[in-house]
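**Q** Please find structure.cif (mmCIF, C-alpha atoms) on the next line:
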```cif
data_coords
#
loop_
_atom_site.label_atom_id
_atom_site.label_comp_id
_atom_site.auth_asym_id
_atom_site.auth_seq_id
_atom_site.Cartn_x
_atom_site.Cartn_y
_atom_site.Cartn_z
CA MET A 1 4.92 -10.07 42.61
CA ASP A 2 4.60 -6.77 40.73
CA THR A 3 1.20 -6.31 39.13
CA SER A 4 2.26 -3.47 36.84
CA TYR A 5 5.14 -2.25 34.71
CA THR A 6 5.92 1.46 34.33
CA ILE A 7 7.94 3.48 31.82
CA VAL A 8 8.88 7.06 32.74
CA LEU A 9 9.04 9.65 29.95
CA GLU A 10 10.66 13.03 30.64
CA ASP A 11 9.80 14.65 27.29
CA GLN A 12 6.22 15.95 27.48
CA THR A 13 5.94 16.29 23.69
CA VAL A 14 6.83 12.64 23.24
CA LEU A 15 4.50 11.64 26.06
CA SER A 16 1.61 13.57 24.50
CA SER A 17 2.19 11.96 21.09
CA LEU A 18 2.53 8.54 22.66
CA CYS A 19 -0.83 8.82 24.43
CA GLY A 20 -2.61 10.55 21.55
CA ALA A 21 -5.69 12.75 21.54
CA ASN A 22 -8.01 11.65 24.35
CA ASP A 23 -5.57 8.79 25.05
CA GLU A 24 -6.65 7.04 21.84
CA ASN A 25 -3.20 5.51 21.38
CA LEU A 26 -3.41 3.89 24.80
CA GLN A 27 -6.46 2.04 23.53
CA VAL A 28 -4.37 0.80 20.60
CA PHE A 29 -1.75 -0.48 23.06
CA GLU A 30 -4.44 -2.19 25.14
CA THR A 31 -5.81 -4.02 22.09
CA TYR A 32 -2.32 -5.14 21.13
CA LEU A 33 -1.26 -6.26 24.62
CA GLY A 34 -4.61 -7.50 25.88
CA VAL A 35 -4.24 -5.68 29.21
CA PRO A 36 -5.04 -2.14 30.49
CA VAL A 37 -2.55 0.67 29.80
CA ILE A 38 -2.80 3.95 31.73
CA CYS A 39 -0.95 7.26 31.90
CA ARG A 40 -0.39 9.22 35.10
CA GLY A 41 1.81 12.30 35.05
CA ASN A 42 4.87 11.38 33.01
CA GLU A 43 4.44 7.62 33.53
CA VAL A 44 2.89 5.08 31.17
CA THR A 45 1.94 1.89 32.95
CA VAL A 46 0.79 -1.51 31.78
CA LEU A 47 -1.34 -3.31 34.39
CA THR A 48 -0.12 -6.89 34.33
CA SER A 49 2.24 -9.24 36.11
CA ASP A 50 2.95 -11.19 32.91
CA GLN A 51 6.64 -10.62 32.16
CA ALA A 52 6.23 -11.54 28.49
CA VAL A 53 3.61 -8.81 28.06
CA CYS A 54 5.84 -6.32 29.86
CA ASN A 55 8.72 -7.18 27.54
CA ARG A 56 6.52 -6.67 24.47
CA PHE A 57 5.38 -3.34 25.86
CA GLN A 58 8.96 -2.21 26.48
CA LYS A 59 10.10 -3.27 22.98
CA LEU A 60 7.18 -1.45 21.40
CA ILE A 61 7.85 1.77 23.30
CA ASP A 62 11.58 1.53 22.50
CA THR A 63 10.76 1.16 18.81
CA LEU A 64 8.45 4.17 18.84
CA LEU A 65 10.85 6.40 20.73
CA LYS A 66 13.74 5.69 18.34
CA SER A 67 11.85 7.20 15.41
CA PRO A 68 11.35 10.91 14.72
CA GLU A 69 7.87 9.94 13.51
CA ILE A 70 6.70 9.83 17.11
CA THR A 71 6.49 13.64 17.24
CA SER A 72 5.20 14.17 13.68
CA GLU A 73 1.69 15.30 12.79
CA SER A 74 0.95 11.73 11.77
CA SER A 75 2.14 10.14 15.01
CA ALA A 76 -1.18 8.35 15.57
CA GLU A 77 -0.96 6.65 12.16
CA PHE A 78 2.69 5.84 12.77
CA ILE A 79 1.89 4.20 16.13
CA ALA A 80 -1.01 2.23 14.65
CA SER A 81 1.29 1.06 11.84
CA CYS A 82 4.01 -0.11 14.25
CA VAL A 83 1.47 -1.96 16.37
CA ALA A 84 -0.13 -3.58 13.32
CA ASN A 85 3.29 -4.71 12.10
CA SER A 86 4.47 -6.02 15.46
CA VAL A 87 5.28 -9.68 15.83
CA PRO A 88 3.43 -10.95 18.94
CA GLN A 89 6.37 -12.86 20.41
CA GLY A 90 9.21 -10.87 18.90
CA GLY A 91 8.42 -7.30 19.76
CA ALA A 92 7.95 -4.45 17.31
CA PHE A 93 9.67 -3.15 14.25
CA CYS A 94 9.36 0.12 12.36
CA PRO A 95 7.94 -0.46 8.87
CA GLN A 96 8.97 1.81 6.02
CA CYS A 97 6.77 4.89 5.90
CA ILE A 98 6.11 6.58 2.56
CA HIS A 99 6.89 10.31 2.71
CA ILE A 100 5.88 11.97 -0.55
CA PRO A 101 7.72 15.23 -1.35
CA ARG A 102 5.20 18.08 -1.62
CA GLY A 103 2.51 15.62 -0.60
CA ILE A 104 -0.50 16.19 1.61
CA LYS A 105 0.26 13.33 3.97
CA SER A 106 2.54 10.38 4.58
CA VAL A 107 1.39 6.80 4.13
CA TYR A 108 1.98 4.14 6.77
CA PRO A 109 1.51 0.40 6.15
CA LYS A 110 -1.50 -0.85 8.09
CA ASN A 111 -0.41 -4.49 8.27
CA ARG A 112 2.55 -6.74 7.56
CA LYS A 113 1.46 -7.47 3.99
CA GLN A 114 1.42 -3.77 3.12
CA ALA A 115 4.87 -3.42 4.70
CA ALA A 116 6.04 -6.41 2.63
CA LEU A 117 4.68 -4.78 -0.53
CA ILE A 118 6.63 -1.58 0.18
CA ASP A 119 9.84 -3.56 0.78
CA SER A 120 9.29 -5.58 -2.39
CA ILE A 121 8.81 -2.49 -4.58
CA TYR A 122 12.00 -0.96 -3.20
CA THR A 123 13.98 -4.20 -3.55
CA ASN A 124 12.72 -5.64 -6.84
CA ASP A 125 12.36 -4.38 -10.40
CA ILE A 126 8.98 -6.06 -10.83
CA THR A 127 6.46 -6.52 -8.03
CA PHE A 128 3.10 -8.28 -8.09
CA GLY A 129 0.53 -7.31 -5.46
CA LEU A 130 -2.22 -9.92 -5.49
CA GLY A 131 -5.34 -10.12 -3.39
CA PRO A 132 -8.93 -9.09 -2.78
CA ALA A 133 -10.40 -5.62 -2.91
CA GLY A 134 -9.80 -3.36 0.07
CA THR A 135 -6.35 -4.62 1.04
CA GLY A 136 -4.66 -1.35 0.04
CA LYS A 137 -2.35 -2.87 -2.57
CA THR A 138 -3.14 -0.23 -5.22
CA TYR A 139 -3.03 2.59 -2.66
CA ILE A 140 0.45 1.56 -1.53
CA ALA A 141 1.60 1.18 -5.15
CA VAL A 142 0.43 4.67 -6.12
CA ALA A 143 1.85 6.31 -2.98
CA LEU A 144 5.27 4.75 -3.43
CA ALA A 145 5.28 5.53 -7.15
CA LEU A 146 4.61 9.20 -6.37
CA LYS A 147 7.43 9.21 -3.84
CA LEU A 148 9.88 7.77 -6.39
CA LEU A 149 8.73 10.30 -8.97
CA LEU A 150 8.75 13.41 -6.80
CA SER A 151 12.07 12.52 -5.18
CA HIS A 152 13.52 12.34 -8.72
CA LYS A 153 14.35 8.64 -8.49
CA MET A 154 12.17 8.09 -11.58
CA ARG A 155 11.54 10.30 -14.60
CA LYS A 156 7.95 9.35 -15.26
CA LEU A 157 4.88 7.62 -13.83
CA ILE A 158 2.81 5.60 -16.29
CA LEU A 159 -0.63 4.31 -15.34
CA THR A 160 -2.25 1.59 -17.39
CA ARG A 161 -4.87 -1.11 -17.21
CA PRO A 162 -6.76 -3.35 -19.61
CA VAL A 163 -9.91 -1.70 -20.92
CA VAL A 164 -12.48 -4.26 -19.81
CA GLU A 165 -15.90 -3.44 -18.38
CA ALA A 166 -17.01 -5.16 -15.20
CA GLY A 167 -19.80 -7.32 -16.54
CA GLU A 168 -21.57 -4.73 -18.70
CA SER A 169 -20.95 -2.98 -21.99
CA LEU A 170 -20.56 0.78 -21.78
CA GLY A 171 -20.40 1.33 -25.54
CA PHE A 172 -18.12 3.88 -27.17
CA LEU A 173 -16.90 6.66 -24.91
CA PRO A 174 -16.61 10.21 -26.28
CA GLY A 175 -13.46 12.34 -26.37
CA ASP A 176 -9.79 11.82 -27.11
CA LEU A 177 -7.73 8.87 -25.95
CA VAL A 178 -7.08 10.27 -22.46
CA GLN A 179 -10.77 11.05 -21.99
CA LYS A 180 -11.74 7.57 -23.13
CA ILE A 181 -9.34 5.81 -20.77
CA ASN A 182 -9.91 8.16 -17.82
CA PRO A 183 -13.00 6.34 -16.43
CA TYR A 184 -10.99 3.12 -16.22
CA LEU A 185 -8.09 4.82 -14.42
CA ARG A 186 -10.28 7.01 -12.22
CA PRO A 187 -9.55 4.89 -9.08
CA LEU A 188 -5.84 5.66 -9.43
CA PHE A 189 -6.48 9.40 -9.76
CA ASP A 190 -8.79 9.24 -6.73
CA ILE A 191 -5.81 7.95 -4.74
CA MET A 192 -3.45 10.60 -6.10
CA GLU A 193 -5.93 13.35 -5.22
CA THR A 194 -5.82 12.25 -1.58
CA LEU A 195 -2.01 12.33 -1.56
CA LEU A 196 -1.08 15.44 -3.58
CA PRO A 197 -2.29 19.05 -3.68
CA ALA A 198 -4.42 19.75 -6.75
CA ASP A 199 -1.91 22.18 -8.25
CA VAL A 200 0.97 19.69 -7.95
CA LEU A 201 -1.06 16.92 -9.57
CA ARG A 202 -2.27 19.22 -12.35
CA SER A 203 1.29 20.39 -13.06
CA MET A 204 2.51 16.80 -13.33
CA GLU A 205 -0.29 15.93 -15.75
CA GLU A 206 0.35 19.01 -17.91
CA SER A 207 4.08 18.28 -18.10
CA ASN A 208 3.32 14.65 -19.00
CA THR A 209 5.25 13.48 -15.94
CA ILE A 210 2.17 11.37 -15.27
CA GLU A 211 0.98 9.50 -18.34
CA VAL A 212 -2.14 7.39 -18.78
CA ALA A 213 -2.15 4.72 -21.44
CA PRO A 214 -4.45 1.84 -22.40
CA LEU A 215 -2.60 -1.43 -22.16
CA ALA A 216 -3.17 -2.07 -25.87
CA TYR A 217 -1.10 1.03 -26.71
CA MET A 218 1.97 -0.19 -24.82
CA ARG A 219 3.13 -2.52 -27.60
CA GLY A 220 6.40 -1.46 -29.22
CA ARG A 221 7.46 0.85 -26.38
CA THR A 222 10.54 0.55 -24.19
CA LEU A 223 10.08 2.25 -20.83
CA HIS A 224 13.26 3.69 -19.31
CA ASN A 225 13.54 5.32 -15.85
CA ALA A 226 9.82 5.05 -15.27
CA VAL A 227 7.63 3.55 -12.60
CA VAL A 228 4.73 1.80 -14.30
CA ILE A 229 1.57 0.63 -12.55
CA LEU A 230 -0.61 -1.98 -14.23
CA ASP A 231 -3.88 -2.05 -12.29
CA GLU A 232 -6.69 -4.63 -12.52
CA ALA A 233 -4.16 -7.00 -14.07
CA GLN A 234 -6.48 -9.98 -13.62
CA ASN A 235 -8.23 -8.74 -16.79
CA THR A 236 -5.15 -9.13 -18.98
CA THR A 237 -4.77 -11.98 -21.43
CA LYS A 238 -1.59 -14.07 -21.46
CA GLU A 239 -0.45 -12.23 -24.58
CA GLN A 240 -1.09 -8.81 -23.04
CA MET A 241 0.80 -9.67 -19.86
CA LYS A 242 3.80 -10.97 -21.79
CA MET A 243 3.77 -7.80 -23.90
CA PHE A 244 3.60 -5.57 -20.82
CA LEU A 245 6.37 -7.33 -18.88
CA THR A 246 8.71 -7.10 -21.85
CA ARG A 247 8.29 -3.28 -22.14
CA MET A 248 10.69 -2.80 -19.24
CA GLY A 249 13.76 -0.68 -19.91
CA GLU A 250 16.76 0.41 -17.84
CA GLY A 251 16.10 1.94 -14.44
CA SER A 252 12.37 1.18 -14.43
CA LYS A 253 10.06 -0.49 -11.95
CA LEU A 254 6.88 -2.35 -12.84
CA ILE A 255 4.12 -2.71 -10.24
CA ILE A 256 1.29 -5.08 -11.12
CA THR A 257 -1.81 -5.24 -8.94
CA GLY A 258 -4.90 -7.36 -9.29
CA ASP A 259 -7.39 -9.75 -7.73
CA PRO A 260 -7.28 -13.16 -9.42
CA SER A 261 -10.78 -13.93 -8.08
CA GLN A 262 -12.42 -10.98 -9.88
CA SER A 263 -11.53 -11.44 -13.53
CA ASP A 264 -13.92 -9.83 -16.01
CA ILE A 265 -12.45 -11.70 -18.97
CA ARG A 266 -15.04 -13.72 -20.80
CA GLY A 267 -14.39 -16.92 -22.75
CA ARG A 268 -10.83 -17.46 -21.55
CA SER A 269 -9.77 -20.16 -19.10
CA GLU A 270 -6.96 -18.28 -17.40
CA SER A 271 -6.02 -14.62 -16.96
CA GLY A 272 -2.61 -13.30 -17.87
CA LEU A 273 -2.00 -12.38 -14.22
CA VAL A 274 -2.49 -15.89 -12.90
CA HIS A 275 -0.43 -17.37 -15.74
CA ALA A 276 2.45 -14.91 -15.30
CA VAL A 277 2.71 -15.39 -11.55
CA SER A 278 2.88 -19.17 -11.92
CA LEU A 279 5.44 -18.89 -14.72
CA ILE A 280 7.94 -16.35 -13.33
CA ARG A 281 7.55 -16.79 -9.57
CA THR A 282 11.12 -18.05 -9.07
CA ILE A 283 12.93 -15.41 -11.16
CA ASP A 284 15.28 -13.10 -9.23
CA ARG A 285 14.34 -9.42 -8.77
CA ILE A 286 10.65 -10.24 -9.12
CA GLY A 287 8.61 -9.95 -5.94
CA ILE A 288 5.17 -11.41 -5.29
CA VAL A 289 3.11 -10.28 -2.30
CA GLU A 290 -0.18 -12.11 -1.80
CA PHE A 291 -2.91 -10.55 0.33
CA SER A 292 -5.89 -12.37 1.83
CA ALA A 293 -9.28 -11.38 3.23
CA ASP A 294 -7.59 -11.01 6.64
CA ASP A 295 -5.57 -8.08 5.23
CA VAL A 296 -8.59 -5.97 4.22
CA VAL A 297 -8.27 -2.44 5.59
CA ARG A 298 -11.33 -0.93 3.94
CA HIS A 299 -14.74 -0.92 5.68
CA SER A 300 -15.10 -3.86 8.07
CA LEU A 301 -18.04 -5.18 6.02
CA VAL A 302 -15.75 -5.67 3.00
CA GLN A 303 -13.83 -8.41 4.80
CA LYS A 304 -17.08 -10.16 5.75
CA ILE A 305 -18.39 -9.92 2.19
CA ILE A 306 -15.18 -11.39 0.76
CA ASN A 307 -15.27 -14.24 3.27
CA ALA A 308 -18.89 -14.96 2.39
CA TYR A 309 -18.09 -15.22 -1.31
CA GLU A 310 -15.03 -17.39 -0.63
CA LYS A 311 -17.12 -19.80 1.44
CA GLN A 312 -19.63 -20.10 -1.38
#
```
Please lay out the structure from this file as structure tokens.

**A**
Amino acid sequence: MDTSYTIVLEDQTVLSSLCGANDENLQVFETYLGVPVICRGNEVTVLTSDQAVCNRFQKLIDTLLKSPEITSESSAEFIASCVANSVPQGGAFCPQCIHIPRGIKSVYPKNRKQAALIDSIYTNDITFGLGPAGTGKTYIAVALALKLLLSHKMRKLILTRPVVEAGESLGFLPGDLVQKINPYLRPLFDIMETLLPADVLRSMEESNTIEVAPLAYMRGRTLHNAVVILDEAQNTTKEQMKMFLTRMGEGSKLIITGDPSQSDIRGRSESGLVHAVSLIRTIDRIGIVEFSADDVVRHSLVQKIINAYEKQ
């Protein structure tokens, strides 16, 4: 009985990308397959006699080799994304990568829920991304919104969120409206600064291609050909959420993100996010992707902290 399975690769560039710097990608394969993976010359070998594992290995390699991403500068992230999105018994599939025109880097879904969120935003007019902190739902939303904007699929990107402090009163903030709302939307700009060169981002702000708006100022507007992100939506009231959802005009996409377990609303029994999801879940062209603590991609301690609070 054979105790190994070998794939021969003639293209040295592909082989180098497949193995990664210091063979770091081979370690990713080993974690996924549960058996050693080695490279000798132009051969990549999995050390096992288990035919099912060999089949999974072959399907994964086939998936990687079919994509031009394998020889890109971000090949390591691409490989990690494919492995993370692989179905243990069904082989691998290539999740949609987010390539932002004029961007600093591409974004690859790190798990199946992130891949599902990307698919939902492309497919539906309204998408809800629900789940705990650190699952990457807002990061994916911002990255995909920038891609739609910079590839001229959308005319404008609007960022909004309810102006609610997290358990403490900050008093009146100085400055004009944008300056007042900026601290609340700072997390979204932090993401954009990691994805776009400073001059591109500044140009988009100056041309009002990117607009920031407090949720309270959305009433009466009709938003056409815009991608609109409502962040921290768990802090909306039922009335605010209804008002926001009905702002949608032709050719627009709404992306709503929030963590139902972290509402900062005081004196109200139910947030607008929870109410809306329960009310419109079955409507066509509305997607709902729910993340859990298992989908956390931030620091490993974040997942443990969330689990500890959930147990309590």

**Q** Write out as number ranges by chain which residues come within 9 Å of range 251-266 of chain A when counting only C-alpha atoms, dropping same-chain ones fewer than 5 positions away.

**A** A: 121-122, 124-133, 137-138, 141, 145, 154, 164-167, 223-237, 245, 271, 273-274

**Q** Could those selected residues go to a file with C-alpha atoms, as a tab-separated table (two decimals), in the frame of the given file?

**A**
```
chain	number	residue	atom	x	y	z
A	121	ILE	CA	8.81	-2.49	-4.58
A	122	TYR	CA	12.00	-0.96	-3.20
A	124	ASN	CA	12.72	-5.64	-6.84
A	125	ASP	CA	12.36	-4.38	-10.40
A	126	ILE	CA	8.98	-6.06	-10.83
A	127	THR	CA	6.46	-6.52	-8.03
A	128	PHE	CA	3.10	-8.28	-8.09
A	129	GLY	CA	0.53	-7.31	-5.46
A	130	LEU	CA	-2.22	-9.92	-5.49
A	131	GLY	CA	-5.34	-10.12	-3.39
A	132	PRO	CA	-8.93	-9.09	-2.78
A	133	ALA	CA	-10.40	-5.62	-2.91
A	137	LYS	CA	-2.35	-2.87	-2.57
A	138	THR	CA	-3.14	-0.23	-5.22
A	141	ALA	CA	1.60	1.18	-5.15
A	145	ALA	CA	5.28	5.53	-7.15
A	154	MET	CA	12.17	8.09	-11.58
A	164	VAL	CA	-12.48	-4.26	-19.81
A	165	GLU	CA	-15.90	-3.44	-18.38
A	166	ALA	CA	-17.01	-5.16	-15.20
A	167	GLY	CA	-19.80	-7.32	-16.54
A	223	LEU	CA	10.08	2.25	-20.83
A	224	HIS	CA	13.26	3.69	-19.31
A	225	ASN	CA	13.54	5.32	-15.85
A	226	ALA	CA	9.82	5.05	-15.27
A	227	VAL	CA	7.63	3.55	-12.60
A	228	VAL	CA	4.73	1.80	-14.30
A	229	ILE	CA	1.57	0.63	-12.55
A	230	LEU	CA	-0.61	-1.98	-14.23
A	231	ASP	CA	-3.88	-2.05	-12.29
A	232	GLU	CA	-6.69	-4.63	-12.52
A	233	ALA	CA	-4.16	-7.00	-14.07
A	234	GLN	CA	-6.48	-9.98	-13.62
A	235	ASN	CA	-8.23	-8.74	-16.79
A	236	THR	CA	-5.15	-9.13	-18.98
A	237	THR	CA	-4.77	-11.98	-21.43
A	245	LEU	CA	6.37	-7.33	-18.88
A	271	SER	CA	-6.02	-14.62	-16.96
A	273	LEU	CA	-2.00	-12.38	-14.22
A	274	VAL	CA	-2.49	-15.89	-12.90
```

**Q** Need the neighbours of (-1.2, -4.7, 8.0): which residues are at most 10 Å away, counting only C-alpha atoms, as a ChimeraX atom specification?

**A** /A:80-86,108-116,135-136,291,294-297

**Q** Could you save those same residues with C-alpha atoms as a PDB file, keeping the file's coordinate frame?

**A**
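The resulting result.pdb:
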```pdb
ATOM      1  CA  ALA A  80      -1.010   2.230  14.650  1.00  0.00           C
ATOM      2  CA  SER A  81       1.290   1.060  11.840  1.00  0.00           C
ATOM      3  CA  CYS A  82       4.010  -0.110  14.250  1.00  0.00           C
ATOM      4  CA  VAL A  83       1.470  -1.960  16.370  1.00  0.00           C
ATOM      5  CA  ALA A  84      -0.130  -3.580  13.320  1.00  0.00           C
ATOM      6  CA  ASN A  85       3.290  -4.710  12.100  1.00  0.00           C
ATOM      7  CA  SER A  86       4.470  -6.020  15.460  1.00  0.00           C
ATOM      8  CA  TYR A 108       1.980   4.140   6.770  1.00  0.00           C
ATOM      9  CA  PRO A 109       1.510   0.400   6.150  1.00  0.00           C
ATOM     10  CA  LYS A 110      -1.500  -0.850   8.090  1.00  0.00           C
ATOM     11  CA  ASN A 111      -0.410  -4.490   8.270  1.00  0.00           C
ATOM     12  CA  ARG A 112       2.550  -6.740   7.560  1.00  0.00           C
ATOM     13  CA  LYS A 113       1.460  -7.470   3.990  1.00  0.00           C
ATOM     14  CA  GLN A 114       1.420  -3.770   3.120  1.00  0.00           C
ATOM     15  CA  ALA A 115       4.870  -3.420   4.700  1.00  0.00           C
ATOM     16  CA  ALA A 116       6.040  -6.410   2.630  1.00  0.00           C
ATOM     17  CA  THR A 135      -6.350  -4.620   1.040  1.00  0.00           C
ATOM     18  CA  GLY A 136      -4.660  -1.350   0.040  1.00  0.00           C
ATOM     19  CA  PHE A 291      -2.910 -10.550   0.330  1.00  0.00           C
ATOM     20  CA  ASP A 294      -7.590 -11.010   6.640  1.00  0.00           C
ATOM     21  CA  ASP A 295      -5.570  -8.080   5.230  1.00  0.00           C
ATOM     22  CA  VAL A 296      -8.590  -5.970   4.220  1.00  0.00           C
ATOM     23  CA  VAL A 297      -8.270  -2.440   5.590  1.00  0.00           C
TER      24      VAL A 297
END
```

**Q** Using all atoms listed in the file, what residues lie at most 9 Å away from (0.7, 0.7, -22.0) (file coordinates), given as a PyMOL selection string?

**A** chain A and resi 158-162+212-219+221+228+230+244+247

**Q** Might you pull out every residue within 9 Å of Ser151 in chain A, with all atoms listed in the file counted and same-chain residues fewer than 4 positions away left off, and present them as a VMD selection string?

**A** chain A and resid 100 to 101 146 to 147

**Q** Given the file shown, determine the residues that the PyMOL selection byres ((chain A and resi 19) around 10) selects; report them as JSON, numbers by chain.

**A** {"A": [14, 15, 16, 17, 18, 20, 21, 22, 23, 24, 25, 26, 27, 28, 29, 37, 38, 39, 44, 75, 76, 79]}

**Q** Which one is closest to Leu33 in chain A: A:Lys238, A:Arg155, A:Lys66, A:Arg56? Count only C-alpha atoms.

**A**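 Of A:Lys238, A:Arg155, A:Lys66, A:Arg56, the one nearest Leu33 in chain A, counting only C-alpha atoms, is A:Arg56.
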
**Q** As an exercise, work out the distance from CA of Gln240 in chain A to CA of Ser278 in chain A in Å and give it to one decimal place.

**A**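 Atom-to-atom, CA of Gln240 in chain A to CA of Ser278 in chain A, that is 15.7 Å.
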
**Q** Figure out the distance between CA of Gly134 in chain A and CA of Ala293 in chain A, please, to one decimal in Å.

**A**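 Separating CA of Ala293 in chain A from CA of Gly134 in chain A is a distance of 8.6 Å.
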
**Q** Distance CA of Leu65 in chain A-CA of Leu150 in chain A, one decimal place?

**A** 28.5 Å

**Q** Nearest to Cys97 in chain A: which of A:Gln12, A:Ile118, A:Thr123, A:Arg281 is it, counting all atoms listed in the file?

**A**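 Of A:Gln12, A:Ile118, A:Thr123, A:Arg281, the one nearest Cys97 in chain A is A:Ile118, counting all atoms listed in the file.
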
**Q** Give as a list of chain:residue names the residues that the PyMOL selection byres ((chain A and resi 2) around 10) matches when applied to the coordinates above.

**A** A:Met1, A:Thr3, A:Ser4, A:Tyr5, A:Leu47, A:Thr48, A:Ser49, A:Asp50, A:Gln51

**Q** Starting from the PyMOL selection byres ((chain A and resi 196) around 10), expand the selection into actual residues of this file and give them as a list in words.

**A**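 Matching residues under the PyMOL selection byres ((chain A and resi 196) around 10) are Ile100, Pro101, Arg102, Gly103, Ile104, Lys105, Ala143, Leu146, Ile191, Met192, Glu193, Thr194, Leu195, Pro197, Ala198, Asp199, Val200, Leu201 and Arg202 of chain A.
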
**Q** Which of these residues is nearest to Gly41 in chain A, using only C-alpha atoms: A:Asp11, A:Lys59, A:Ile280, A:Val53?

**A**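 Closest candidate: A:Asp11.
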
**Q** Give the answer as one residue: which of A:Phe78, A:Ile288, A:Gln303, A:Lys242 has the shortest atom-to-atom distance to Thr63 in chain A, using only C-alpha atoms?

**A**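 Result for the nearest residue to Thr63 in chain A: A:Phe78.
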
**Q** Under the rule that only C-alpha atoms are counted, which of A:Gly34, A:Tyr309, A:Val142, A:Thr209 is the nearest residue to Ala52 in chain A?

**A**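 Selected residue with least distance to Ala52 in chain A: A:Gly34.
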